[in-house]
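Raw work-v7.pdb, PDB, N, CA and C atoms:
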MODEL        1
ATOM      1  N   MET A   7      -7.964 -38.016   2.412
ATOM      2  CA  MET A   7      -8.009 -36.961   3.412
ATOM      3  C   MET A   7      -9.478 -36.675   3.727
ATOM      4  N   THR A   8      -9.796 -36.574   5.004
ATOM      5  CA  THR A   8     -11.171 -36.292   5.405
ATOM      6  C   THR A   8     -11.495 -34.819   5.183
ATOM      7  N   VAL A   9     -12.777 -34.512   5.206
ATOM      8  CA  VAL A   9     -13.204 -33.118   5.053
ATOM      9  C   VAL A   9     -12.644 -32.276   6.195
ATOM     10  N   GLU A  10     -12.627 -32.825   7.398
ATOM     11  CA  GLU A  10     -12.098 -32.084   8.546
ATOM     12  C   GLU A  10     -10.609 -31.786   8.353
ATOM     13  N   GLU A  11      -9.869 -32.753   7.842
ATOM     14  CA  GLU A  11      -8.445 -32.524   7.584
ATOM     15  C   GLU A  11      -8.258 -31.493   6.479
ATOM     16  N   MET A  12      -9.097 -31.542   5.464
ATOM     17  CA  MET A  12      -9.027 -30.550   4.388
ATOM     18  C   MET A  12      -9.344 -29.159   4.913
ATOM     19  N   MET A  13     -10.331 -29.074   5.802
ATOM     20  CA  MET A  13     -10.683 -27.777   6.379
ATOM     21  C   MET A  13      -9.520 -27.235   7.210
ATOM     22  N   THR A  14      -8.913 -28.087   8.024
ATOM     23  CA  THR A  14      -7.782 -27.660   8.844
ATOM     24  C   THR A  14      -6.637 -27.192   7.960
ATOM     25  N   ASN A  15      -6.358 -27.933   6.907
ATOM     26  CA  ASN A  15      -5.311 -27.564   5.961
ATOM     27  C   ASN A  15      -5.632 -26.237   5.276
ATOM     28  N   THR A  16      -6.883 -26.081   4.848
ATOM     29  CA  THR A  16      -7.306 -24.848   4.183
ATOM     30  C   THR A  16      -7.181 -23.669   5.127
ATOM     31  N   ILE A  17      -7.656 -23.822   6.347
ATOM     32  CA  ILE A  17      -7.577 -22.736   7.332
ATOM     33  C   ILE A  17      -6.128 -22.316   7.521
ATOM     34  N   SER A  18      -5.239 -23.276   7.664
ATOM     35  CA  SER A  18      -3.823 -22.976   7.867
ATOM     36  C   SER A  18      -3.218 -22.261   6.657
ATOM     37  N   ARG A  19      -3.494 -22.774   5.463
ATOM     38  CA  ARG A  19      -2.954 -22.167   4.235
ATOM     39  C   ARG A  19      -3.481 -20.750   4.031
ATOM     40  N   VAL A  20      -4.783 -20.574   4.218
ATOM     41  CA  VAL A  20      -5.401 -19.269   4.004
ATOM     42  C   VAL A  20      -4.914 -18.277   5.056
ATOM     43  N   GLU A  21      -4.829 -18.725   6.286
ATOM     44  CA  GLU A  21      -4.360 -17.844   7.354
ATOM     45  C   GLU A  21      -2.939 -17.357   7.072
ATOM     46  N   ALA A  22      -2.062 -18.244   6.650
ATOM     47  CA  ALA A  22      -0.680 -17.855   6.342
ATOM     48  C   ALA A  22      -0.626 -16.881   5.167
ATOM     49  N   ALA A  23      -1.359 -17.180   4.100
ATOM     50  CA  ALA A  23      -1.339 -16.306   2.923
ATOM     51  C   ALA A  23      -1.920 -14.930   3.232
ATOM     52  N   ALA A  24      -3.030 -14.892   3.955
ATOM     53  CA  ALA A  24      -3.659 -13.609   4.291
ATOM     54  C   ALA A  24      -2.760 -12.785   5.212
ATOM     55  N   THR A  25      -2.094 -13.444   6.144
ATOM     56  CA  THR A  25      -1.161 -12.731   7.023
ATOM     57  C   THR A  25      -0.032 -12.123   6.209
ATOM     58  N   ASP A  26       0.521 -12.894   5.269
ATOM     59  CA  ASP A  26       1.578 -12.368   4.398
ATOM     60  C   ASP A  26       1.083 -11.153   3.613
ATOM     61  N   ILE A  27      -0.103 -11.263   3.047
ATOM     62  CA  ILE A  27      -0.661 -10.165   2.248
ATOM     63  C   ILE A  27      -0.780  -8.903   3.083
ATOM     64  N   LEU A  28      -1.386  -9.034   4.247
ATOM     65  CA  LEU A  28      -1.615  -7.845   5.076
ATOM     66  C   LEU A  28      -0.313  -7.241   5.571
ATOM     67  N   THR A  29       0.682  -8.061   5.801
ATOM     68  CA  THR A  29       1.999  -7.554   6.194
ATOM     69  C   THR A  29       2.626  -6.776   5.039
ATOM     70  N   LEU A  30       2.503  -7.315   3.839
ATOM     71  CA  LEU A  30       3.103  -6.665   2.671
ATOM     72  C   LEU A  30       2.433  -5.338   2.310
ATOM     73  N   VAL A  31       1.127  -5.249   2.459
ATOM     74  CA  VAL A  31       0.430  -4.031   2.024
ATOM     75  C   VAL A  31       0.238  -3.012   3.153
ATOM     76  N   GLU A  32       0.663  -3.361   4.340
ATOM     77  CA  GLU A  32       0.483  -2.441   5.470
ATOM     78  C   GLU A  32       1.118  -1.087   5.173
ATOM     79  N   GLY A  33       0.335  -0.053   5.329
ATOM     80  CA  GLY A  33       0.815   1.307   5.114
ATOM     81  C   GLY A  33       0.847   1.757   3.665
ATOM     82  N   LEU A  34       0.448   0.906   2.749
ATOM     83  CA  LEU A  34       0.458   1.275   1.336
ATOM     84  C   LEU A  34      -0.905   1.765   0.893
ATOM     85  N   GLY A  35      -0.897   2.543  -0.158
ATOM     86  CA  GLY A  35      -2.119   2.928  -0.833
ATOM     87  C   GLY A  35      -2.225   2.164  -2.136
ATOM     88  N   ALA A  36      -3.349   2.294  -2.792
ATOM     89  CA  ALA A  36      -3.592   1.580  -4.043
ATOM     90  C   ALA A  36      -2.574   1.936  -5.119
ATOM     91  N   GLU A  37      -2.201   3.191  -5.210
ATOM     92  CA  GLU A  37      -1.246   3.611  -6.240
ATOM     93  C   GLU A  37       0.134   3.012  -6.005
ATOM     94  N   GLU A  38       0.568   3.023  -4.747
ATOM     95  CA  GLU A  38       1.869   2.430  -4.431
ATOM     96  C   GLU A  38       1.867   0.930  -4.731
ATOM     97  N   PHE A  39       0.766   0.281  -4.398
ATOM     98  CA  PHE A  39       0.628  -1.146  -4.675
ATOM     99  C   PHE A  39       0.751  -1.410  -6.171
ATOM    100  N   ALA A  40       0.061  -0.634  -6.972
ATOM    101  CA  ALA A  40       0.070  -0.824  -8.425
ATOM    102  C   ALA A  40       1.452  -0.577  -9.025
ATOM    103  N   ARG A  41       2.210   0.333  -8.435
ATOM    104  CA  ARG A  41       3.538   0.678  -8.966
ATOM    105  C   ARG A  41       4.621  -0.329  -8.591
ATOM    106  N   SER A  42       4.461  -1.019  -7.488
ATOM    107  CA  SER A  42       5.500  -1.921  -7.007
ATOM    108  C   SER A  42       5.333  -3.305  -7.626
ATOM    109  N   ARG A  43       6.051  -3.540  -8.706
ATOM    110  CA  ARG A  43       5.886  -4.801  -9.435
ATOM    111  C   ARG A  43       6.255  -6.019  -8.600
ATOM    112  N   LEU A  44       7.365  -5.950  -7.884
ATOM    113  CA  LEU A  44       7.812  -7.099  -7.110
ATOM    114  C   LEU A  44       6.833  -7.414  -5.978
ATOM    115  N   MET A  45       6.441  -6.394  -5.245
ATOM    116  CA  MET A  45       5.517  -6.629  -4.142
ATOM    117  C   MET A  45       4.155  -7.056  -4.663
ATOM    118  N   ARG A  46       3.715  -6.441  -5.724
ATOM    119  CA  ARG A  46       2.416  -6.798  -6.308
ATOM    120  C   ARG A  46       2.424  -8.254  -6.760
ATOM    121  N   ARG A  47       3.496  -8.671  -7.393
ATOM    122  CA  ARG A  47       3.618 -10.062  -7.832
ATOM    123  C   ARG A  47       3.561 -11.018  -6.639
ATOM    124  N   THR A  48       4.223 -10.653  -5.558
ATOM    125  CA  THR A  48       4.217 -11.482  -4.348
ATOM    126  C   THR A  48       2.824 -11.551  -3.743
ATOM    127  N   VAL A  49       2.158 -10.412  -3.669
ATOM    128  CA  VAL A  49       0.797 -10.370  -3.129
ATOM    129  C   VAL A  49      -0.151 -11.174  -4.004
ATOM    130  N   LEU A  50      -0.022 -11.038  -5.314
ATOM    131  CA  LEU A  50      -0.902 -11.785  -6.219
ATOM    132  C   LEU A  50      -0.699 -13.288  -6.059
ATOM    133  N   ALA A  51       0.522 -13.712  -5.823
ATOM    134  CA  ALA A  51       0.772 -15.142  -5.591
ATOM    135  C   ALA A  51       0.049 -15.611  -4.328
ATOM    136  N   ARG A  52       0.044 -14.780  -3.298
ATOM    137  CA  ARG A  52      -0.650 -15.142  -2.051
ATOM    138  C   ARG A  52      -2.170 -15.120  -2.253
ATOM    139  N   LEU A  53      -2.660 -14.161  -3.042
ATOM    140  CA  LEU A  53      -4.092 -14.147  -3.351
ATOM    141  C   LEU A  53      -4.479 -15.411  -4.113
ATOM    142  N   ARG A  54      -3.620 -15.822  -5.047
ATOM    143  CA  ARG A  54      -3.886 -17.063  -5.781
ATOM    144  C   ARG A  54      -3.887 -18.259  -4.844
ATOM    145  N   ALA A  55      -3.027 -18.251  -3.844
ATOM    146  CA  ALA A  55      -2.995 -19.361  -2.879
ATOM    147  C   ALA A  55      -4.324 -19.462  -2.130
ATOM    148  N   ILE A  56      -4.886 -18.319  -1.768
ATOM    149  CA  ILE A  56      -6.193 -18.323  -1.097
ATOM    150  C   ILE A  56      -7.262 -18.809  -2.065
ATOM    151  N   ALA A  57      -7.228 -18.309  -3.287
ATOM    152  CA  ALA A  57      -8.215 -18.723  -4.288
ATOM    153  C   ALA A  57      -8.112 -20.217  -4.580
ATOM    154  N   ASP A  58      -6.898 -20.737  -4.658
ATOM    155  CA  ASP A  58      -6.706 -22.165  -4.902
ATOM    156  C   ASP A  58      -7.245 -22.990  -3.731
ATOM    157  N   ALA A  59      -7.002 -22.514  -2.521
ATOM    158  CA  ALA A  59      -7.521 -23.216  -1.343
ATOM    159  C   ALA A  59      -9.047 -23.215  -1.363
ATOM    160  N   ALA A  60      -9.632 -22.092  -1.754
ATOM    161  CA  ALA A  60     -11.095 -22.004  -1.835
ATOM    162  C   ALA A  60     -11.638 -22.953  -2.889
ATOM    163  N   ALA A  61     -10.968 -23.027  -4.021
ATOM    164  CA  ALA A  61     -11.429 -23.883  -5.112
ATOM    165  C   ALA A  61     -11.298 -25.363  -4.773
ATOM    166  N   SER A  62     -10.312 -25.720  -3.978
ATOM    167  CA  SER A  62     -10.088 -27.131  -3.659
ATOM    168  C   SER A  62     -10.889 -27.617  -2.451
ATOM    169  N   LEU A  63     -11.484 -26.704  -1.726
ATOM    170  CA  LEU A  63     -12.270 -27.079  -0.546
ATOM    171  C   LEU A  63     -13.595 -27.681  -0.998
ATOM    172  N   PRO A  64     -13.929 -28.889  -0.541
ATOM    173  CA  PRO A  64     -15.201 -29.484  -0.952
ATOM    174  C   PRO A  64     -16.395 -28.688  -0.420
ATOM    175  N   ALA A  65     -17.523 -28.878  -1.057
ATOM    176  CA  ALA A  65     -18.745 -28.153  -0.690
ATOM    177  C   ALA A  65     -19.047 -28.281   0.801
ATOM    178  N   GLN A  66     -18.845 -29.449   1.356
ATOM    179  CA  GLN A  66     -19.114 -29.653   2.788
ATOM    180  C   GLN A  66     -18.235 -28.741   3.641
ATOM    181  N   GLY A  67     -17.003 -28.548   3.235
ATOM    182  CA  GLY A  67     -16.101 -27.651   3.954
ATOM    183  C   GLY A  67     -16.537 -26.202   3.832
ATOM    184  N   ARG A  68     -16.951 -25.800   2.630
ATOM    185  CA  ARG A  68     -17.432 -24.417   2.434
ATOM    186  C   ARG A  68     -18.705 -24.177   3.248
ATOM    187  N   GLU A  69     -19.562 -25.174   3.269
ATOM    188  CA  GLU A  69     -20.817 -25.042   4.033
ATOM    189  C   GLU A  69     -20.560 -24.948   5.528
ATOM    190  N   ALA A  70     -19.472 -25.545   5.999
ATOM    191  CA  ALA A  70     -19.139 -25.483   7.420
ATOM    192  C   ALA A  70     -18.583 -24.113   7.819
ATOM    193  N   MET A  71     -18.203 -23.309   6.821
ATOM    194  CA  MET A  71     -17.676 -21.959   7.072
ATOM    195  C   MET A  71     -18.452 -20.971   6.206
ATOM    196  N   PRO A  72     -19.763 -20.830   6.480
ATOM    197  CA  PRO A  72     -20.628 -20.059   5.581
ATOM    198  C   PRO A  72     -20.376 -18.557   5.576
ATOM    199  N   GLU A  73     -19.693 -18.048   6.564
ATOM    200  CA  GLU A  73     -19.449 -16.603   6.611
ATOM    201  C   GLU A  73     -18.429 -16.144   5.574
ATOM    202  N   VAL A  74     -17.643 -17.077   5.088
ATOM    203  CA  VAL A  74     -16.622 -16.755   4.084
ATOM    204  C   VAL A  74     -17.253 -16.794   2.701
ATOM    205  N   ASP A  75     -16.973 -15.779   1.905
ATOM    206  CA  ASP A  75     -17.492 -15.717   0.541
ATOM    207  C   ASP A  75     -16.555 -16.501  -0.374
ATOM    208  N   TRP A  76     -16.672 -17.820  -0.311
ATOM    209  CA  TRP A  76     -15.792 -18.702  -1.074
ATOM    210  C   TRP A  76     -15.930 -18.466  -2.577
ATOM    211  N   ALA A  77     -17.135 -18.226  -3.041
ATOM    212  CA  ALA A  77     -17.361 -18.027  -4.476
ATOM    213  C   ALA A  77     -16.575 -16.818  -4.995
ATOM    214  N   SER A  78     -16.504 -15.771  -4.204
ATOM    215  CA  SER A  78     -15.741 -14.586  -4.622
ATOM    216  C   SER A  78     -14.253 -14.895  -4.724
ATOM    217  N   TRP A  79     -13.756 -15.719  -3.820
ATOM    218  CA  TRP A  79     -12.341 -16.089  -3.878
ATOM    219  C   TRP A  79     -12.050 -16.960  -5.096
ATOM    220  N   VAL A  80     -12.951 -17.880  -5.394
ATOM    221  CA  VAL A  80     -12.776 -18.708  -6.590
ATOM    222  C   VAL A  80     -12.812 -17.828  -7.844
ATOM    223  N   ALA A  81     -13.752 -16.883  -7.878
ATOM    224  CA  ALA A  81     -13.858 -15.967  -9.016
ATOM    225  C   ALA A  81     -12.600 -15.108  -9.148
ATOM    226  N   LEU A  82     -12.052 -14.670  -8.022
ATOM    227  CA  LEU A  82     -10.811 -13.893  -8.060
ATOM    228  C   LEU A  82      -9.689 -14.740  -8.646
ATOM    229  N   GLY A  83      -9.598 -15.986  -8.228
ATOM    230  CA  GLY A  83      -8.572 -16.876  -8.769
ATOM    231  C   GLY A  83      -8.701 -17.021 -10.272
ATOM    232  N   ASP A  84      -9.931 -17.168 -10.752
ATOM    233  CA  ASP A  84     -10.160 -17.266 -12.196
ATOM    234  C   ASP A  84      -9.736 -15.976 -12.897
ATOM    235  N   ALA A  85     -10.102 -14.836 -12.310
ATOM    236  CA  ALA A  85      -9.747 -13.541 -12.908
ATOM    237  C   ALA A  85      -8.231 -13.350 -12.933
ATOM    238  N   LEU A  86      -7.554 -13.747 -11.862
ATOM    239  CA  LEU A  86      -6.095 -13.623 -11.825
ATOM    240  C   LEU A  86      -5.452 -14.552 -12.854
ATOM    241  N   ALA A  87      -5.959 -15.753 -12.978
ATOM    242  CA  ALA A  87      -5.404 -16.719 -13.935
ATOM    243  C   ALA A  87      -5.603 -16.271 -15.379
ATOM    244  N   ASN A  88      -6.697 -15.574 -15.635
ATOM    245  CA  ASN A  88      -7.021 -15.138 -16.999
ATOM    246  C   ASN A  88      -6.548 -13.725 -17.307
ATOM    247  N   GLY A  89      -5.898 -13.075 -16.355
ATOM    248  CA  GLY A  89      -5.455 -11.705 -16.561
ATOM    249  C   GLY A  89      -6.594 -10.707 -16.599
ATOM    250  N   ALA A  90      -7.747 -11.087 -16.042
ATOM    251  CA  ALA A  90      -8.928 -10.232 -16.099
ATOM    252  C   ALA A  90      -9.135  -9.389 -14.839
ATOM    253  N   ALA A  91      -8.282  -9.563 -13.845
ATOM    254  CA  ALA A  91      -8.428  -8.781 -12.612
ATOM    255  C   ALA A  91      -7.793  -7.406 -12.809
ATOM    256  N   SER A  92      -8.551  -6.374 -12.512
ATOM    257  CA  SER A  92      -8.017  -5.019 -12.619
ATOM    258  C   SER A  92      -7.154  -4.721 -11.396
ATOM    259  N   PRO A  93      -6.264  -3.740 -11.506
ATOM    260  CA  PRO A  93      -5.473  -3.348 -10.328
ATOM    261  C   PRO A  93      -6.362  -2.961  -9.143
ATOM    262  N   GLU A  94      -7.509  -2.359  -9.429
ATOM    263  CA  GLU A  94      -8.432  -1.981  -8.344
ATOM    264  C   GLU A  94      -9.006  -3.218  -7.654
ATOM    265  N   HIS A  95      -9.348  -4.226  -8.448
ATOM    266  CA  HIS A  95      -9.873  -5.486  -7.911
ATOM    267  C   HIS A  95      -8.802  -6.189  -7.078
ATOM    268  N   GLU A  96      -7.572  -6.213  -7.578
ATOM    269  CA  GLU A  96      -6.456  -6.811  -6.841
ATOM    270  C   GLU A  96      -6.231  -6.086  -5.521
ATOM    271  N   TRP A  97      -6.274  -4.755  -5.566
ATOM    272  CA  TRP A  97      -6.056  -3.967  -4.363
ATOM    273  C   TRP A  97      -7.165  -4.215  -3.334
ATOM    274  N   ALA A  98      -8.404  -4.268  -3.780
ATOM    275  CA  ALA A  98      -9.521  -4.529  -2.861
ATOM    276  C   ALA A  98      -9.359  -5.895  -2.199
ATOM    277  N   ALA A  99      -8.944  -6.871  -2.977
ATOM    278  CA  ALA A  99      -8.741  -8.207  -2.409
ATOM    279  C   ALA A  99      -7.606  -8.199  -1.394
ATOM    280  N   ALA A 100      -6.522  -7.508  -1.722
ATOM    281  CA  ALA A 100      -5.358  -7.474  -0.834
ATOM    282  C   ALA A 100      -5.589  -6.644   0.414
ATOM    283  N   SER A 101      -6.256  -5.530   0.272
ATOM    284  CA  SER A 101      -6.383  -4.603   1.394
ATOM    285  C   SER A 101      -7.632  -4.816   2.230
ATOM    286  N   GLU A 102      -8.665  -5.427   1.662
ATOM    287  CA  GLU A 102      -9.922  -5.586   2.396
ATOM    288  C   GLU A 102     -10.318  -7.046   2.576
ATOM    289  N   GLN A 103     -10.419  -7.766   1.470
ATOM    290  CA  GLN A 103     -10.903  -9.140   1.544
ATOM    291  C   GLN A 103      -9.943 -10.049   2.306
ATOM    292  N   ALA A 104      -8.654  -9.795   2.197
ATOM    293  CA  ALA A 104      -7.680 -10.612   2.930
ATOM    294  C   ALA A 104      -7.866 -10.444   4.435
ATOM    295  N   ALA A 105      -8.175  -9.225   4.869
ATOM    296  CA  ALA A 105      -8.393  -8.983   6.300
ATOM    297  C   ALA A 105      -9.634  -9.716   6.797
ATOM    298  N   VAL A 106     -10.675  -9.702   5.993
ATOM    299  CA  VAL A 106     -11.924 -10.371   6.388
ATOM    300  C   VAL A 106     -11.720 -11.879   6.484
ATOM    301  N   ILE A 107     -11.094 -12.463   5.469
ATOM    302  CA  ILE A 107     -10.926 -13.918   5.502
ATOM    303  C   ILE A 107      -9.968 -14.325   6.617
ATOM    304  N   LEU A 108      -8.963 -13.505   6.898
ATOM    305  CA  LEU A 108      -8.051 -13.813   7.998
ATOM    306  C   LEU A 108      -8.799 -13.852   9.324
ATOM    307  N   GLN A 109      -9.681 -12.895   9.536
ATOM    308  CA  GLN A 109     -10.469 -12.891  10.775
ATOM    309  C   GLN A 109     -11.286 -14.163  10.904
ATOM    310  N   TRP A 110     -11.929 -14.588   9.814
ATOM    311  CA  TRP A 110     -12.735 -15.814   9.878
ATOM    312  C   TRP A 110     -11.870 -17.047  10.064
ATOM    313  N   MET A 111     -10.698 -17.106   9.445
ATOM    314  CA  MET A 111      -9.844 -18.276   9.613
ATOM    315  C   MET A 111      -9.365 -18.376  11.067
ATOM    316  N   ARG A 112      -9.114 -17.253  11.691
ATOM    317  CA  ARG A 112      -8.731 -17.278  13.105
ATOM    318  C   ARG A 112      -9.864 -17.761  13.988
ATOM    319  N   VAL A 113     -11.077 -17.349  13.659
ATOM    320  CA  VAL A 113     -12.247 -17.831  14.404
ATOM    321  C   VAL A 113     -12.368 -19.331  14.242
ATOM    322  N   TYR A 114     -12.296 -19.804  13.003
ATOM    323  CA  TYR A 114     -12.451 -21.237  12.745
ATOM    324  C   TYR A 114     -11.323 -22.063  13.321
ATOM    325  N   SER A 115     -10.113 -21.524  13.344
ATOM    326  CA  SER A 115      -8.989 -22.287  13.902
ATOM    327  C   SER A 115      -9.141 -22.446  15.415
ATOM    328  N   GLN A 116      -9.795 -21.494  16.051
ATOM    329  CA  GLN A 116     -10.025 -21.580  17.509
ATOM    330  C   GLN A 116     -11.170 -22.503  17.863
ATOM    331  N   THR A 117     -12.154 -22.588  16.955
ATOM    332  CA  THR A 117     -13.336 -23.404  17.258
ATOM    333  C   THR A 117     -13.196 -24.826  16.737
ATOM    334  N   GLY A 118     -12.240 -25.067  15.856
ATOM    335  CA  GLY A 118     -12.097 -26.374  15.222
ATOM    336  C   GLY A 118     -11.282 -27.314  15.977
TER     337      GLY A 118
ENDMDL
END

Mind turning the file's structure into structure tokens?
Amino acid sequence: MTVEEMMTNTISRVEAAATDILTLVEGLGAEEFARSRLMRRTVLARLRAIADAAASLPAQGREAMPEVDWASWVALGDALANGAASPEHEWAAASEQAAVILQWMRVYSQTG
């Protein structure tokens, strides 16, 4: 698979996961998010999907999309895998970082 194909695949995967996350958390606060085990589990799976996409993207692909903080997404994936992510960190990723990465993926999907 070429780097361009990997980037297109990553953009598509990240865009879908971020859209799901933002749909799920719309209208919720941090406390409601923390209390809802089923929804939280679903959101965390989507966050992991973004983190996995970030980790699998080659350096050339990350460099082509420099506005995205890929390192933070990889670190989040590690924290989620190790059980080291706090509910506050999970909420920030779901409610803020997902919106930012979705905006960039939409920009890149239009320009690519």

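Across the model, the gap from atom N of Glu21 (chain A) to atom C of Ala55 (chain A) is 8.5 Å.
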
(request) Using only N, CA and C atoms, pick whichever of A:Ala23, A:Ala98, A:Val113, A:Ala61 has the shortest atom-to-atom distance to Ala81 (chain A). (result)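 Between A:Ala23, A:Ala98, A:Val113, A:Ala61, the residue approaching Ala81 (chain A) most closely is A:Ala61.
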
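Closest approach to Leu50 (chain A) among A:Met12, A:Ala70, A:Ile27, A:Ala36: A:Ile27, based on all atoms listed in the file.
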
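Nearest to Thr16 (chain A) of all the residues A:Ile107, A:Ala99, A:Ala85, A:Val31 is A:Ile107, based on only C-alpha atoms.
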
(request) Figure out the distance between CA of Glu11 (chain A) and CA of Gly67 (chain A), please, to one decimal in Å. (result)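 Taking CA of Gly67 (chain A) as the start and CA of Glu11 (chain A) as the end point, the length is 9.8 Å.
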
(message) Taking the DSSP secondary structure from the backbone, can you list the residues of chain A that are alpha helix (DSSP H), as a ChimeraX atom specification?
(response) /A:9-31,36-41,43-62,65-70,76-88,93-98,104-117

(request) Select, from A:Thr29, A:Thr14, A:Gln103, A:Thr48, the residue with the minimum atom-to-atom distance to Leu82 (chain A), counting only C-alpha atoms. (result) A:Gln103

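Picture a line from atom C of Leu44 (chain A) to atom C of Met111 (chain A); it runs 25.9 Å.
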
(request) Counting only C-alpha atoms, figure out which residue out of A:Ala65, A:Leu53, A:Leu34, A:Ala91 gets nearest to Trp79 (chain A). (result)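 Selected residue with least distance to Trp79 (chain A): A:Leu53.
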
Padded axis-aligned box of region 59-62 of chain A (8 Å per side), centre and edge lengths, Å, one decimal, as JSON:
{"center_x": -9.3, "center_y": -24.8, "center_z": -3.2, "size_x": 20.6, "size_y": 21.6, "size_z": 19.8}

(message) With distances taken over all atoms listed in the file, which residue among A:Arg54, A:Arg68, A:Arg19, A:Arg112 lies nearest Leu86 (chain A)?
(response)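 With all atoms listed in the file as the atom set, the closest residue is A:Arg54.
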
(message) Can you pull out the residues contacting Gly83 (chain A)? Cut-off 6 Å, using all atoms listed in the file, and skip same-chain residues under 4 positions away; I want them as a VMD selection string.
(response) chain A and resid 54 57 to 58 78 to 79 87 to 88

Subset file as a PDB file, in the first residue's frame: region 81-97 of chain A, N, CA and C atoms:
ATOM      1  N   ALA A  81      -0.019   8.612  22.123  1.00  0.00           N
ATOM      2  CA  ALA A  81       0.112   8.565  23.581  1.00  0.00           C
ATOM      3  C   ALA A  81      -1.221   8.205  24.240  1.00  0.00           C
ATOM      4  N   LEU A  82      -2.315   8.739  23.712  1.00  0.00           N
ATOM      5  CA  LEU A  82      -3.634   8.396  24.247  1.00  0.00           C
ATOM      6  C   LEU A  82      -3.894   6.906  24.066  1.00  0.00           C
ATOM      7  N   GLY A  83      -3.567   6.377  22.904  1.00  0.00           N
ATOM      8  CA  GLY A  83      -3.749   4.947  22.662  1.00  0.00           C
ATOM      9  C   GLY A  83      -2.965   4.114  23.656  1.00  0.00           C
ATOM     10  N   ASP A  84      -1.731   4.519  23.931  1.00  0.00           N
ATOM     11  CA  ASP A  84      -0.914   3.807  24.916  1.00  0.00           C
ATOM     12  C   ASP A  84      -1.552   3.887  26.302  1.00  0.00           C
ATOM     13  N   ALA A  85      -2.024   5.079  26.668  1.00  0.00           N
ATOM     14  CA  ALA A  85      -2.651   5.261  27.985  1.00  0.00           C
ATOM     15  C   ALA A  85      -3.926   4.426  28.101  1.00  0.00           C
ATOM     16  N   LEU A  86      -4.717   4.379  27.037  1.00  0.00           N
ATOM     17  CA  LEU A  86      -5.941   3.575  27.063  1.00  0.00           C
ATOM     18  C   LEU A  86      -5.603   2.088  27.158  1.00  0.00           C
ATOM     19  N   ALA A  87      -4.603   1.652  26.433  1.00  0.00           N
ATOM     20  CA  ALA A  87      -4.209   0.238  26.452  1.00  0.00           C
ATOM     21  C   ALA A  87      -3.666  -0.186  27.812  1.00  0.00           C
ATOM     22  N   ASN A  88      -3.015   0.737  28.501  1.00  0.00           N
ATOM     23  CA  ASN A  88      -2.400   0.428  29.798  1.00  0.00           C
ATOM     24  C   ASN A  88      -3.293   0.765  30.983  1.00  0.00           C
ATOM     25  N   GLY A  89      -4.494   1.259  30.724  1.00  0.00           N
ATOM     26  CA  GLY A  89      -5.385   1.647  31.805  1.00  0.00           C
ATOM     27  C   GLY A  89      -4.926   2.888  32.544  1.00  0.00           C
ATOM     28  N   ALA A  90      -4.070   3.688  31.903  1.00  0.00           N
ATOM     29  CA  ALA A  90      -3.504   4.863  32.558  1.00  0.00           C
ATOM     30  C   ALA A  90      -4.241   6.162  32.228  1.00  0.00           C
ATOM     31  N   ALA A  91      -5.242   6.091  31.369  1.00  0.00           N
ATOM     32  CA  ALA A  91      -5.989   7.303  31.014  1.00  0.00           C
ATOM     33  C   ALA A  91      -7.039   7.581  32.088  1.00  0.00           C
ATOM     34  N   SER A  92      -7.033   8.793  32.599  1.00  0.00           N
ATOM     35  CA  SER A  92      -8.030   9.170  33.597  1.00  0.00           C
ATOM     36  C   SER A  92      -9.348   9.486  32.895  1.00  0.00           C
ATOM     37  N   PRO A  93     -10.455   9.433  33.630  1.00  0.00           N
ATOM     38  CA  PRO A  93     -11.740   9.820  33.027  1.00  0.00           C
ATOM     39  C   PRO A  93     -11.700  11.239  32.452  1.00  0.00           C
ATOM     40  N   GLU A  94     -10.952  12.124  33.098  1.00  0.00           N
ATOM     41  CA  GLU A  94     -10.840  13.503  32.591  1.00  0.00           C
ATOM     42  C   GLU A  94     -10.104  13.539  31.252  1.00  0.00           C
ATOM     43  N   HIS A  95      -9.049  12.740  31.143  1.00  0.00           N
ATOM     44  CA  HIS A  95      -8.277  12.648  29.898  1.00  0.00           C
ATOM     45  C   HIS A  95      -9.143  12.055  28.787  1.00  0.00           C
ATOM     46  N   GLU A  96      -9.899  11.011  29.106  1.00  0.00           N
ATOM     47  CA  GLU A  96     -10.808  10.397  28.136  1.00  0.00           C
ATOM     48  C   GLU A  96     -11.858  11.398  27.672  1.00  0.00           C
ATOM     49  N   TRP A  97     -12.414  12.150  28.620  1.00  0.00           N
ATOM     50  CA  TRP A  97     -13.438  13.127  28.284  1.00  0.00           C
ATOM     51  C   TRP A  97     -12.871  14.235  27.391  1.00  0.00           C
TER      52      TRP A  97
END
